[in-house]
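Written below as structure tokens is the structure these notes are about.
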Amino acid sequence: MRFFREEILAMHQDPTSTSDEVALNRCGDLPPVSVVTTVAPVGAQQTLYVATFDHLYALNASDGTVRWCQQVTLTREYRYQPGVSYPPPPHMLFGTPRVANGVVYVCASGYGKYTYAFNAGDGTLRWRTPTDAWRVSMPVGDFAVPVLKDGIVYNGTYALNEQDGSVLWRIALETRWLSLHALVDDTIYAISQMGIYAINAQNGETHWLYQPDAHTIISGPLVVADHLLYAGTSGSVDHPEKSYCCALDAEKGTERWRYTMGSYIGAVIHNERVYVSSGDRCLYALDKHTGSLRWKYQFVSPGHYPATIAENVLYINTDGAYALSSADGAVLWHQHLGSSPSVSFTPSVVLDGVVYLASIDGHGRSILYALNASNGTEYWHSHYPHQIAPLAVAR
């Protein structure tokens, strides 16, 4: 997974130590123009939320036109001094949005880290709170995606009041970062460099910690279903054979089963199977209770995100966009979308029979696509000058 220098710089900044002023403005530049073949057959009010670099867009899901846009910037002034070398001016980066109850929650990070809440309809700001969640492309995914439940917004180690963003409490963990992935009942399931945590969502206390085998690290997002937690590891350069996918007891953190494969990328659950994406270019269909193999499909190129499932079809993006039958892995359709070794893809979002995804080239430029979920034909596409984060829609 590639990530850019601005994102690397963001990892080393303390939000409490920066004196930079963060400014939020309605976007002043021209919006991306969609090339529409056919208007996508989604509801008139359906909106796609797209974060790209320092812009957050709300798009009409039918044709890609911009409903509103917010831009976050820094206002630090840089003064040139002869003979003194400076890094490039810093930037703020929006992470993957989360949309719930008419509000868009999103992290912006760079030389500082903040959680924002915008009204989904018109993009007006509800609140902004300094936190420790930040956007970065890493094996476990975007660390900055908020999780919501019962009036609380969880982001990084912070629990925030949904109404005004005030800090309710923090998770007491000695960790460089914390990536939240699931909230089931009153338990938060999260990943750090130490392993997988189960955390009490009411007070932040740790229930259990699962640590992977020696010579491995947790290498993809986790998913929880039916009292089981599915996750996986990546082996080291010297021990790549150590990589595996496993199922843990969600209440105790004990391992139920494991399946050896290439570096774990992520999984999606459907009916009695868990569909696991792996760095060996394969998509595995495993029995979710026993880990036994039902089928696997090997792609030409590796992907970077788990599959998405809708109407018994798996949508996964490797060397282009694929739709596979969840029953047996048969390819239903494949669109190349300009695929090459330097092009990567975001995960798909499926809405009302339309698949949305973005390609990212080797220079960080993106193309956002809307495709027919049944046959892969294109409805519209839009060009963006920067990398697009995984997409979000209101459910």
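We name chains A, B, ... following the order of the structure tokens; residues begin at 1 in each chain, and ligands are numbered from 1 as shown.
Near Arg126 (chain A), within 7 Å and counting only C-alpha atoms, sit Ala117, Phe118 and Asn119 of chain A, not including residues fewer than 5 positions from it in the same chain.
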Since we have the selection now, will you write its residues out, keeping all heavy atoms, as an mmCIF file, in the first residue's frame?
```cif
data_model
loop_
_atom_site.group_PDB
_atom_site.id
_atom_site.type_symbol
_atom_site.label_atom_id
_atom_site.label_comp_id
_atom_site.auth_asym_id
_atom_site.auth_seq_id
_atom_site.Cartn_x
_atom_site.Cartn_y
_atom_site.Cartn_z
ATOM 1 N N ALA A 117 -17.494 17.333 12.633
ATOM 2 C CA ALA A 117 -18.871 16.900 12.387
ATOM 3 C C ALA A 117 -19.535 17.948 11.507
ATOM 4 O O ALA A 117 -19.598 19.135 11.875
ATOM 5 C CB ALA A 117 -19.633 16.745 13.698
ATOM 6 N N PHE A 118 -20.018 17.526 10.325
ATOM 7 C CA PHE A 118 -20.698 18.406 9.377
ATOM 8 C C PHE A 118 -22.143 17.938 9.194
ATOM 9 O O PHE A 118 -22.421 16.733 9.212
ATOM 10 C CB PHE A 118 -20.014 18.379 8.008
ATOM 11 C CG PHE A 118 -18.597 18.848 7.988
ATOM 12 C CD1 PHE A 118 -17.546 17.940 7.976
ATOM 13 C CD2 PHE A 118 -18.309 20.197 7.971
ATOM 14 C CE1 PHE A 118 -16.223 18.364 7.945
ATOM 15 C CE2 PHE A 118 -16.987 20.648 7.937
ATOM 16 C CZ PHE A 118 -15.947 19.726 7.930
ATOM 17 N N ASN A 119 -23.040 18.891 8.980
ATOM 18 C CA ASN A 119 -24.391 18.526 8.568
ATOM 19 C C ASN A 119 -24.319 17.905 7.177
ATOM 20 O O ASN A 119 -23.751 18.499 6.247
ATOM 21 C CB ASN A 119 -25.297 19.754 8.549
ATOM 22 C CG ASN A 119 -25.653 20.220 9.947
ATOM 23 O OD1 ASN A 119 -26.042 19.417 10.792
ATOM 24 N ND2 ASN A 119 -25.522 21.516 10.200
#
```
I'd like the contact shell of region 202-205 of chain A - 9 Å cut-off, only C-alpha atoms, skipping same-chain residues fewer than 6 positions apart - returned as a PDB file with N, CA, C and O atoms, in the first residue's frame.
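The result, written out as around_37.pdb:
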```pdb
ATOM      1  N   THR A 157      -8.279   7.383  20.603  1.00  0.00           N
ATOM      2  CA  THR A 157      -8.519   7.036  22.013  1.00  0.00           C
ATOM      3  C   THR A 157      -9.604   7.904  22.642  1.00  0.00           C
ATOM      4  O   THR A 157      -9.840   7.809  23.843  1.00  0.00           O
ATOM      5  N   ALA A 159     -13.489   9.470  23.289  1.00  0.00           N
ATOM      6  CA  ALA A 159     -14.945   9.307  23.245  1.00  0.00           C
ATOM      7  C   ALA A 159     -15.553  10.697  23.348  1.00  0.00           C
ATOM      8  O   ALA A 159     -15.344  11.415  24.338  1.00  0.00           O
ATOM      9  N   TRP A 169     -14.429  10.983  27.718  1.00  0.00           N
ATOM     10  CA  TRP A 169     -13.327  10.285  28.358  1.00  0.00           C
ATOM     11  C   TRP A 169     -12.381   9.796  27.277  1.00  0.00           C
ATOM     12  O   TRP A 169     -12.661   9.919  26.084  1.00  0.00           O
ATOM     13  N   ARG A 170     -11.230   9.251  27.711  1.00  0.00           N
ATOM     14  CA  ARG A 170     -10.266   8.693  26.773  1.00  0.00           C
ATOM     15  C   ARG A 170      -9.903   7.269  27.169  1.00  0.00           C
ATOM     16  O   ARG A 170      -9.937   6.909  28.348  1.00  0.00           O
ATOM     17  N   ILE A 171      -9.575   6.468  26.171  1.00  0.00           N
ATOM     18  CA  ILE A 171      -9.108   5.109  26.408  1.00  0.00           C
ATOM     19  C   ILE A 171      -7.682   5.173  26.939  1.00  0.00           C
ATOM     20  O   ILE A 171      -6.806   5.800  26.326  1.00  0.00           O
ATOM     21  N   ALA A 172      -7.447   4.558  28.064  1.00  0.00           N
ATOM     22  CA  ALA A 172      -6.135   4.617  28.722  1.00  0.00           C
ATOM     23  C   ALA A 172      -5.248   3.486  28.222  1.00  0.00           C
ATOM     24  O   ALA A 172      -5.187   2.404  28.823  1.00  0.00           O
ATOM     25  N   LEU A 173      -4.569   3.715  27.105  1.00  0.00           N
ATOM     26  CA  LEU A 173      -3.661   2.722  26.549  1.00  0.00           C
ATOM     27  C   LEU A 173      -2.339   3.387  26.203  1.00  0.00           C
ATOM     28  O   LEU A 173      -2.315   4.509  25.685  1.00  0.00           O
ATOM     29  N   ASP A 186     -21.556  -3.443  23.926  1.00  0.00           N
ATOM     30  CA  ASP A 186     -20.814  -2.403  24.636  1.00  0.00           C
ATOM     31  C   ASP A 186     -19.313  -2.621  24.541  1.00  0.00           C
ATOM     32  O   ASP A 186     -18.561  -2.205  25.434  1.00  0.00           O
ATOM     33  N   THR A 187     -18.857  -3.233  23.460  1.00  0.00           N
ATOM     34  CA  THR A 187     -17.431  -3.517  23.313  1.00  0.00           C
ATOM     35  C   THR A 187     -16.894  -2.925  22.020  1.00  0.00           C
ATOM     36  O   THR A 187     -17.469  -3.123  20.948  1.00  0.00           O
ATOM     37  N   ILE A 188     -15.795  -2.192  22.129  1.00  0.00           N
ATOM     38  CA  ILE A 188     -15.068  -1.666  20.978  1.00  0.00           C
ATOM     39  C   ILE A 188     -13.962  -2.662  20.639  1.00  0.00           C
ATOM     40  O   ILE A 188     -13.227  -3.115  21.527  1.00  0.00           O
TER      41      ILE A 188
END
```
Mind checking DSSP for region 120-337 of chain A and telling me the strand (DSSP E) residues as a compact mmCIF listing (two decimals) with N, CA and C atoms, in the first residue's frame?
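Output (part.txt):
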```
# COMPACT_ATOMS: atom_id res chain seq x y z
N LEU A 125 -20.68 23.31 9.44
CA LEU A 125 -19.94 22.72 10.54
C LEU A 125 -20.78 22.69 11.81
N ARG A 126 -20.83 21.53 12.45
CA ARG A 126 -21.49 21.38 13.75
C ARG A 126 -20.50 21.58 14.89
N TRP A 127 -19.34 20.90 14.80
CA TRP A 127 -18.30 21.08 15.80
C TRP A 127 -16.97 20.52 15.30
N ARG A 128 -15.91 20.90 15.99
CA ARG A 128 -14.56 20.40 15.71
C ARG A 128 -13.85 20.20 17.04
N THR A 129 -13.17 19.05 17.21
CA THR A 129 -12.49 18.74 18.46
C THR A 129 -11.10 18.17 18.17
N PRO A 130 -10.05 18.69 18.83
CA PRO A 130 -8.73 18.06 18.69
C PRO A 130 -8.75 16.64 19.26
N VAL A 147 -16.27 5.82 14.88
CA VAL A 147 -17.27 4.81 15.17
C VAL A 147 -18.31 5.45 16.08
N LEU A 148 -19.60 5.18 15.84
CA LEU A 148 -20.66 5.86 16.58
C LEU A 148 -21.63 4.87 17.20
N LYS A 149 -22.10 5.22 18.42
CA LYS A 149 -23.16 4.45 19.04
C LYS A 149 -23.68 5.20 20.26
N ILE A 152 -22.41 8.68 21.24
CA ILE A 152 -20.97 8.85 21.44
C ILE A 152 -20.24 8.61 20.13
N VAL A 153 -19.27 9.48 19.83
CA VAL A 153 -18.39 9.33 18.68
C VAL A 153 -17.04 8.88 19.20
N TYR A 154 -16.60 7.71 18.76
CA TYR A 154 -15.31 7.17 19.16
C TYR A 154 -14.32 7.39 18.01
N ASN A 155 -13.17 7.96 18.31
CA ASN A 155 -12.15 8.22 17.29
C ASN A 155 -10.78 8.22 17.96
N TYR A 158 -10.29 8.73 21.87
CA TYR A 158 -11.26 9.68 22.39
C TYR A 158 -12.70 9.18 22.27
N ALA A 159 -13.49 9.47 23.29
CA ALA A 159 -14.95 9.31 23.24
C ALA A 159 -15.55 10.70 23.35
N LEU A 160 -16.30 11.11 22.31
CA LEU A 160 -16.81 12.47 22.19
C LEU A 160 -18.34 12.48 22.24
N ASN A 161 -18.89 13.56 22.77
CA ASN A 161 -20.32 13.76 22.76
C ASN A 161 -20.78 14.04 21.33
N VAL A 167 -15.25 16.21 24.97
CA VAL A 167 -14.57 14.97 25.34
C VAL A 167 -15.24 14.39 26.57
N LEU A 168 -15.72 13.15 26.45
CA LEU A 168 -16.34 12.46 27.58
C LEU A 168 -15.30 11.70 28.40
N TRP A 169 -14.43 10.98 27.72
CA TRP A 169 -13.33 10.29 28.36
C TRP A 169 -12.38 9.80 27.28
N ARG A 170 -11.23 9.25 27.71
CA ARG A 170 -10.27 8.69 26.77
C ARG A 170 -9.90 7.27 27.17
N SER A 179 -6.61 2.03 16.08
CA SER A 179 -7.51 2.00 14.94
C SER A 179 -8.77 1.25 15.33
N LEU A 180 -9.91 1.95 15.36
CA LEU A 180 -11.18 1.35 15.77
C LEU A 180 -11.88 0.74 14.56
N HIS A 181 -12.41 -0.47 14.73
CA HIS A 181 -13.02 -1.15 13.58
C HIS A 181 -14.44 -1.63 13.82
N ALA A 182 -14.81 -1.91 15.05
CA ALA A 182 -16.16 -2.44 15.29
C ALA A 182 -16.60 -2.07 16.70
N LEU A 183 -17.92 -1.86 16.85
CA LEU A 183 -18.51 -1.64 18.15
C LEU A 183 -19.75 -2.53 18.22
N VAL A 184 -19.66 -3.58 19.03
CA VAL A 184 -20.73 -4.56 19.15
C VAL A 184 -21.18 -4.60 20.60
N THR A 187 -18.86 -3.23 23.46
CA THR A 187 -17.43 -3.52 23.31
C THR A 187 -16.89 -2.92 22.02
N ILE A 188 -15.79 -2.19 22.13
CA ILE A 188 -15.07 -1.67 20.98
C ILE A 188 -13.96 -2.66 20.64
N TYR A 189 -13.83 -3.00 19.37
CA TYR A 189 -12.75 -3.86 18.91
C TYR A 189 -11.80 -3.00 18.07
N ALA A 190 -10.53 -3.01 18.45
CA ALA A 190 -9.57 -2.08 17.85
C ALA A 190 -8.22 -2.75 17.69
N ILE A 191 -7.38 -2.12 16.87
CA ILE A 191 -6.03 -2.63 16.60
C ILE A 191 -5.02 -1.54 16.92
N SER A 192 -3.91 -1.92 17.52
CA SER A 192 -2.75 -1.04 17.68
C SER A 192 -1.51 -1.83 17.28
N GLY A 195 -1.43 -5.29 19.06
CA GLY A 195 -2.31 -6.40 18.73
C GLY A 195 -3.75 -5.94 18.65
N ILE A 196 -4.68 -6.85 18.98
CA ILE A 196 -6.11 -6.58 18.92
C ILE A 196 -6.67 -6.42 20.32
N TYR A 197 -7.43 -5.34 20.52
CA TYR A 197 -8.02 -5.03 21.82
C TYR A 197 -9.54 -5.19 21.79
N ALA A 198 -10.09 -5.66 22.90
CA ALA A 198 -11.52 -5.53 23.18
C ALA A 198 -11.64 -4.55 24.34
N ILE A 199 -12.39 -3.46 24.13
CA ILE A 199 -12.41 -2.33 25.07
C ILE A 199 -13.84 -2.03 25.49
N ASN A 200 -14.06 -1.79 26.75
CA ASN A 200 -15.37 -1.40 27.27
C ASN A 200 -15.74 -0.04 26.69
N THR A 206 -9.81 -2.07 29.19
CA THR A 206 -9.50 -3.18 28.29
C THR A 206 -10.03 -4.50 28.84
N HIS A 207 -10.80 -5.21 28.01
CA HIS A 207 -11.28 -6.55 28.38
C HIS A 207 -10.20 -7.59 28.13
N TRP A 208 -9.61 -7.55 26.92
CA TRP A 208 -8.55 -8.49 26.58
C TRP A 208 -7.70 -7.93 25.45
N LEU A 209 -6.52 -8.52 25.31
CA LEU A 209 -5.58 -8.17 24.25
C LEU A 209 -5.09 -9.46 23.60
N TYR A 210 -5.26 -9.55 22.29
CA TYR A 210 -4.73 -10.68 21.52
C TYR A 210 -3.46 -10.21 20.82
N THR A 216 5.23 -11.84 13.27
CA THR A 216 4.06 -11.40 12.52
C THR A 216 3.51 -10.12 13.15
N ILE A 217 2.72 -9.39 12.35
CA ILE A 217 1.99 -8.22 12.84
C ILE A 217 0.56 -8.31 12.33
N ILE A 218 -0.37 -7.71 13.07
CA ILE A 218 -1.74 -7.58 12.58
C ILE A 218 -1.70 -6.72 11.32
N VAL A 223 -13.16 -7.76 11.61
CA VAL A 223 -14.61 -7.73 11.44
C VAL A 223 -15.20 -8.69 12.46
N VAL A 224 -16.36 -8.32 13.01
CA VAL A 224 -16.99 -9.10 14.07
C VAL A 224 -18.39 -9.52 13.62
N ALA A 225 -18.73 -10.78 13.85
CA ALA A 225 -20.07 -11.29 13.52
C ALA A 225 -20.34 -12.54 14.32
N LEU A 228 -17.90 -13.98 16.93
CA LEU A 228 -16.54 -14.28 16.47
C LEU A 228 -15.92 -13.03 15.87
N LEU A 229 -14.62 -12.88 16.06
CA LEU A 229 -13.85 -11.78 15.49
C LEU A 229 -12.86 -12.36 14.50
N TYR A 230 -12.84 -11.81 13.29
CA TYR A 230 -11.96 -12.31 12.24
C TYR A 230 -10.89 -11.26 11.96
N ALA A 231 -9.65 -11.71 11.93
CA ALA A 231 -8.52 -10.81 11.69
C ALA A 231 -7.39 -11.63 11.09
N GLY A 232 -6.22 -11.03 10.94
CA GLY A 232 -5.11 -11.78 10.36
C GLY A 232 -3.81 -11.04 10.48
N THR A 233 -2.75 -11.69 10.02
CA THR A 233 -1.40 -11.17 10.20
C THR A 233 -0.63 -11.19 8.89
N SER A 234 0.49 -10.48 8.93
CA SER A 234 1.48 -10.52 7.86
C SER A 234 2.79 -10.98 8.47
N GLY A 235 3.44 -11.95 7.85
CA GLY A 235 4.73 -12.41 8.33
C GLY A 235 5.83 -11.42 8.01
N TYR A 244 -1.30 -15.48 8.53
CA TYR A 244 -2.50 -16.29 8.69
C TYR A 244 -3.73 -15.41 8.92
N CYS A 245 -4.91 -16.02 8.68
CA CYS A 245 -6.20 -15.46 9.08
C CYS A 245 -6.69 -16.29 10.26
N CYS A 246 -7.36 -15.66 11.21
CA CYS A 246 -7.84 -16.41 12.36
C CYS A 246 -9.21 -15.89 12.81
N ALA A 247 -9.90 -16.73 13.56
CA ALA A 247 -11.16 -16.36 14.20
C ALA A 247 -10.94 -16.41 15.71
N LEU A 248 -11.33 -15.36 16.40
CA LEU A 248 -11.21 -15.28 17.84
C LEU A 248 -12.59 -15.28 18.48
N ASP A 249 -12.69 -15.83 19.68
CA ASP A 249 -13.89 -15.68 20.50
C ASP A 249 -14.00 -14.21 20.88
N GLU A 255 -8.28 -17.95 20.49
CA GLU A 255 -8.31 -18.33 19.08
C GLU A 255 -9.17 -19.57 18.88
N ARG A 256 -10.09 -19.50 17.91
CA ARG A 256 -10.93 -20.64 17.57
C ARG A 256 -10.32 -21.46 16.44
N TRP A 257 -9.86 -20.77 15.39
CA TRP A 257 -9.20 -21.46 14.28
C TRP A 257 -8.30 -20.47 13.55
N ARG A 258 -7.40 -21.01 12.75
CA ARG A 258 -6.57 -20.18 11.87
C ARG A 258 -6.37 -20.88 10.54
N TYR A 259 -6.12 -20.06 9.51
CA TYR A 259 -5.88 -20.57 8.17
C TYR A 259 -4.65 -19.85 7.63
N THR A 260 -3.64 -20.62 7.25
CA THR A 260 -2.40 -20.04 6.74
C THR A 260 -2.60 -19.56 5.31
N TYR A 264 -2.63 -11.15 5.35
CA TYR A 264 -4.05 -10.84 5.48
C TYR A 264 -4.32 -9.38 5.13
N ILE A 265 -5.31 -9.13 4.29
CA ILE A 265 -5.69 -7.78 3.90
C ILE A 265 -7.01 -7.36 4.54
N GLY A 266 -7.95 -8.28 4.64
CA GLY A 266 -9.24 -7.95 5.23
C GLY A 266 -10.26 -9.01 4.88
N ALA A 267 -11.46 -8.89 5.46
CA ALA A 267 -12.48 -9.91 5.28
C ALA A 267 -13.87 -9.28 5.28
N VAL A 268 -14.82 -10.02 4.73
CA VAL A 268 -16.22 -9.64 4.78
C VAL A 268 -17.01 -10.91 5.09
N ILE A 269 -18.05 -10.79 5.91
CA ILE A 269 -18.84 -11.93 6.34
C ILE A 269 -20.17 -11.94 5.58
N HIS A 270 -20.59 -13.13 5.16
CA HIS A 270 -21.90 -13.27 4.51
C HIS A 270 -22.40 -14.68 4.74
N ARG A 273 -20.12 -17.89 5.61
CA ARG A 273 -18.74 -17.83 5.12
C ARG A 273 -18.08 -16.50 5.46
N VAL A 274 -16.76 -16.57 5.55
CA VAL A 274 -15.95 -15.37 5.66
C VAL A 274 -15.06 -15.33 4.41
N TYR A 275 -15.12 -14.21 3.69
CA TYR A 275 -14.38 -14.04 2.44
C TYR A 275 -13.16 -13.17 2.74
N VAL A 276 -11.98 -13.77 2.58
CA VAL A 276 -10.74 -13.16 3.05
C VAL A 276 -9.87 -12.78 1.87
N SER A 277 -9.44 -11.52 1.83
CA SER A 277 -8.50 -11.04 0.81
C SER A 277 -7.08 -11.17 1.35
N SER A 278 -6.17 -11.58 0.47
CA SER A 278 -4.82 -11.90 0.91
C SER A 278 -3.78 -11.32 -0.02
N CYS A 282 -5.07 -13.79 -3.67
CA CYS A 282 -6.23 -14.66 -3.63
C CYS A 282 -7.36 -14.09 -2.78
N LEU A 283 -8.57 -14.46 -3.16
CA LEU A 283 -9.75 -14.26 -2.33
C LEU A 283 -10.19 -15.65 -1.88
N TYR A 284 -10.22 -15.86 -0.55
CA TYR A 284 -10.56 -17.16 0.02
C TYR A 284 -11.98 -17.12 0.58
N ALA A 285 -12.75 -18.17 0.31
CA ALA A 285 -14.05 -18.35 0.94
C ALA A 285 -13.88 -19.46 1.98
N LEU A 286 -13.98 -19.10 3.27
CA LEU A 286 -13.77 -20.05 4.37
C LEU A 286 -15.07 -20.22 5.15
N ASP A 287 -15.26 -21.40 5.70
CA ASP A 287 -16.36 -21.61 6.63
C ASP A 287 -16.11 -20.76 7.86
N LEU A 293 -11.66 -24.44 3.88
CA LEU A 293 -11.73 -23.76 2.58
C LEU A 293 -12.90 -24.26 1.77
N ARG A 294 -13.72 -23.33 1.25
CA ARG A 294 -14.81 -23.66 0.33
C ARG A 294 -14.39 -23.43 -1.12
N TRP A 295 -13.76 -22.31 -1.38
CA TRP A 295 -13.18 -22.04 -2.68
C TRP A 295 -12.20 -20.89 -2.57
N LYS A 296 -11.37 -20.71 -3.60
CA LYS A 296 -10.51 -19.53 -3.67
C LYS A 296 -10.35 -19.13 -5.12
N TYR A 297 -10.10 -17.82 -5.31
CA TYR A 297 -9.89 -17.29 -6.66
C TYR A 297 -8.61 -16.45 -6.62
N GLN A 298 -7.72 -16.69 -7.58
CA GLN A 298 -6.46 -15.94 -7.64
C GLN A 298 -6.53 -14.91 -8.76
N THR A 308 -16.35 -6.18 -0.94
CA THR A 308 -17.66 -5.70 -0.50
C THR A 308 -18.70 -6.67 -1.02
N ILE A 309 -19.73 -6.95 -0.25
CA ILE A 309 -20.74 -7.89 -0.71
C ILE A 309 -22.12 -7.24 -0.74
N ALA A 310 -22.88 -7.54 -1.78
CA ALA A 310 -24.26 -7.06 -1.93
C ALA A 310 -25.00 -8.03 -2.83
N VAL A 313 -23.23 -11.04 -4.26
CA VAL A 313 -22.13 -10.78 -5.18
C VAL A 313 -20.99 -10.10 -4.42
N LEU A 314 -19.76 -10.56 -4.67
CA LEU A 314 -18.56 -9.97 -4.07
C LEU A 314 -17.95 -8.98 -5.05
N TYR A 315 -17.72 -7.77 -4.60
CA TYR A 315 -17.07 -6.74 -5.42
C TYR A 315 -15.69 -6.49 -4.83
N ILE A 316 -14.67 -6.67 -5.65
CA ILE A 316 -13.29 -6.52 -5.18
C ILE A 316 -12.47 -5.91 -6.30
N ASN A 317 -11.50 -5.09 -5.94
CA ASN A 317 -10.75 -4.32 -6.93
C ASN A 317 -9.26 -4.64 -6.82
N THR A 318 -8.72 -5.24 -7.88
CA THR A 318 -7.30 -5.58 -7.93
C THR A 318 -6.72 -4.99 -9.21
N GLY A 320 -8.26 -3.79 -11.72
CA GLY A 320 -9.56 -3.34 -12.16
C GLY A 320 -10.63 -3.80 -11.19
N ALA A 321 -11.88 -3.59 -11.59
CA ALA A 321 -13.02 -3.92 -10.73
C ALA A 321 -13.59 -5.28 -11.13
N TYR A 322 -13.84 -6.12 -10.11
CA TYR A 322 -14.40 -7.45 -10.32
C TYR A 322 -15.71 -7.60 -9.57
N ALA A 323 -16.58 -8.44 -10.15
CA ALA A 323 -17.76 -8.94 -9.45
C ALA A 323 -17.70 -10.46 -9.51
N LEU A 324 -17.73 -11.12 -8.34
CA LEU A 324 -17.64 -12.57 -8.25
C LEU A 324 -18.87 -13.14 -7.56
N SER A 325 -19.27 -14.33 -7.95
CA SER A 325 -20.34 -15.03 -7.26
C SER A 325 -19.84 -15.46 -5.89
N VAL A 331 -16.35 -15.49 -11.90
CA VAL A 331 -16.29 -14.07 -12.27
C VAL A 331 -17.54 -13.72 -13.07
N LEU A 332 -18.29 -12.76 -12.58
CA LEU A 332 -19.50 -12.30 -13.26
C LEU A 332 -19.18 -11.19 -14.25
N TRP A 333 -18.27 -10.30 -13.89
CA TRP A 333 -17.76 -9.30 -14.81
C TRP A 333 -16.45 -8.72 -14.28
N HIS A 334 -15.71 -8.08 -15.19
CA HIS A 334 -14.41 -7.48 -14.86
C HIS A 334 -14.22 -6.25 -15.72
N GLN A 335 -13.97 -5.10 -15.09
CA GLN A 335 -13.67 -3.86 -15.80
C GLN A 335 -12.25 -3.43 -15.47
```
Next item on the list: Could you please determine the separation between CA of Ala23 (chain A) and CA of Thr115 (chain A) in Å, to one decimal place?
Entry: 13.5 Å
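When CA of Thr75 (chain A) is paired with CA of Pro31 (chain A), their separation reads 22.4 Å.
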Next item on the list: Rank nothing, just name the residue among A:Ser301, A:Asn25, A:Ser382, A:Thr96 nearest to Gly279 (chain A), using only C-alpha atoms.
Entry: A:Ser301
Next item on the list: Would you kindly return, as an MDAnalysis selection string, each protein, DNA or RNA residue with an atom no farther than 10 Å from any atom of Glu378 (chain A), considering only C-alpha atoms and excluding same-chain residues fewer than 6 positions away?
Entry: chainID A and resid 36:40 335 337 354:355 369:372
Write the selection just made, keeping N, CA, C and O atoms, as a PDB file, in the first residue's frame?
```
ATOM      1  N   VAL A  36     -20.618  11.967 -17.905  1.00  0.00           N
ATOM      2  CA  VAL A  36     -21.782  11.121 -17.682  1.00  0.00           C
ATOM      3  C   VAL A  36     -22.176  10.414 -18.976  1.00  0.00           C
ATOM      4  O   VAL A  36     -22.467  11.059 -19.989  1.00  0.00           O
ATOM      5  N   THR A  37     -22.169   9.075 -18.906  1.00  0.00           N
ATOM      6  CA  THR A  37     -22.701   8.280 -20.008  1.00  0.00           C
ATOM      7  C   THR A  37     -24.202   8.091 -19.834  1.00  0.00           C
ATOM      8  O   THR A  37     -24.992   8.311 -20.751  1.00  0.00           O
ATOM      9  N   THR A  38     -24.580   7.669 -18.628  1.00  0.00           N
ATOM     10  CA  THR A  38     -25.982   7.493 -18.263  1.00  0.00           C
ATOM     11  C   THR A  38     -26.132   7.858 -16.796  1.00  0.00           C
ATOM     12  O   THR A  38     -25.270   7.514 -15.980  1.00  0.00           O
ATOM     13  N   VAL A  39     -27.171   8.560 -16.441  1.00  0.00           N
ATOM     14  CA  VAL A  39     -27.409   8.890 -15.037  1.00  0.00           C
ATOM     15  C   VAL A  39     -27.671   7.600 -14.269  1.00  0.00           C
ATOM     16  O   VAL A  39     -28.461   6.753 -14.686  1.00  0.00           O
ATOM     17  N   ALA A  40     -26.990   7.435 -13.140  1.00  0.00           N
ATOM     18  CA  ALA A  40     -27.129   6.221 -12.348  1.00  0.00           C
ATOM     19  C   ALA A  40     -28.518   6.161 -11.708  1.00  0.00           C
ATOM     20  O   ALA A  40     -29.025   7.175 -11.213  1.00  0.00           O
ATOM     21  N   GLN A 335     -13.972  -5.101 -15.091  1.00  0.00           N
ATOM     22  CA  GLN A 335     -13.672  -3.859 -15.803  1.00  0.00           C
ATOM     23  C   GLN A 335     -12.246  -3.435 -15.465  1.00  0.00           C
ATOM     24  O   GLN A 335     -11.897  -3.273 -14.286  1.00  0.00           O
ATOM     25  N   LEU A 337     -10.582  -0.526 -16.122  1.00  0.00           N
ATOM     26  CA  LEU A 337     -10.538   0.847 -15.614  1.00  0.00           C
ATOM     27  C   LEU A 337      -9.119   1.413 -15.603  1.00  0.00           C
ATOM     28  O   LEU A 337      -8.686   2.054 -14.647  1.00  0.00           O
ATOM     29  N   VAL A 354     -25.680   0.243  -7.785  1.00  0.00           N
ATOM     30  CA  VAL A 354     -24.575   0.968  -8.406  1.00  0.00           C
ATOM     31  C   VAL A 354     -23.317   0.748  -7.565  1.00  0.00           C
ATOM     32  O   VAL A 354     -23.362   0.827  -6.326  1.00  0.00           O
ATOM     33  N   VAL A 355     -22.196   0.480  -8.232  1.00  0.00           N
ATOM     34  CA  VAL A 355     -20.912   0.281  -7.572  1.00  0.00           C
ATOM     35  C   VAL A 355     -20.081   1.551  -7.742  1.00  0.00           C
ATOM     36  O   VAL A 355     -19.863   2.018  -8.867  1.00  0.00           O
ATOM     37  N   TYR A 369     -15.467   6.343 -10.175  1.00  0.00           N
ATOM     38  CA  TYR A 369     -16.348   5.677 -11.127  1.00  0.00           C
ATOM     39  C   TYR A 369     -17.676   5.291 -10.479  1.00  0.00           C
ATOM     40  O   TYR A 369     -17.721   4.930  -9.294  1.00  0.00           O
ATOM     41  N   ALA A 370     -18.737   5.325 -11.279  1.00  0.00           N
ATOM     42  CA  ALA A 370     -20.018   4.733 -10.924  1.00  0.00           C
ATOM     43  C   ALA A 370     -20.331   3.687 -11.987  1.00  0.00           C
ATOM     44  O   ALA A 370     -20.421   4.008 -13.182  1.00  0.00           O
ATOM     45  N   LEU A 371     -20.479   2.411 -11.560  1.00  0.00           N
ATOM     46  CA  LEU A 371     -20.676   1.301 -12.481  1.00  0.00           C
ATOM     47  C   LEU A 371     -21.980   0.576 -12.173  1.00  0.00           C
ATOM     48  O   LEU A 371     -22.430   0.537 -11.023  1.00  0.00           O
ATOM     49  N   ASN A 372     -22.544  -0.030 -13.198  1.00  0.00           N
ATOM     50  CA  ASN A 372     -23.707  -0.889 -13.030  1.00  0.00           C
ATOM     51  C   ASN A 372     -23.286  -2.146 -12.270  1.00  0.00           C
ATOM     52  O   ASN A 372     -22.370  -2.857 -12.689  1.00  0.00           O
TER      53      ASN A 372
END
```
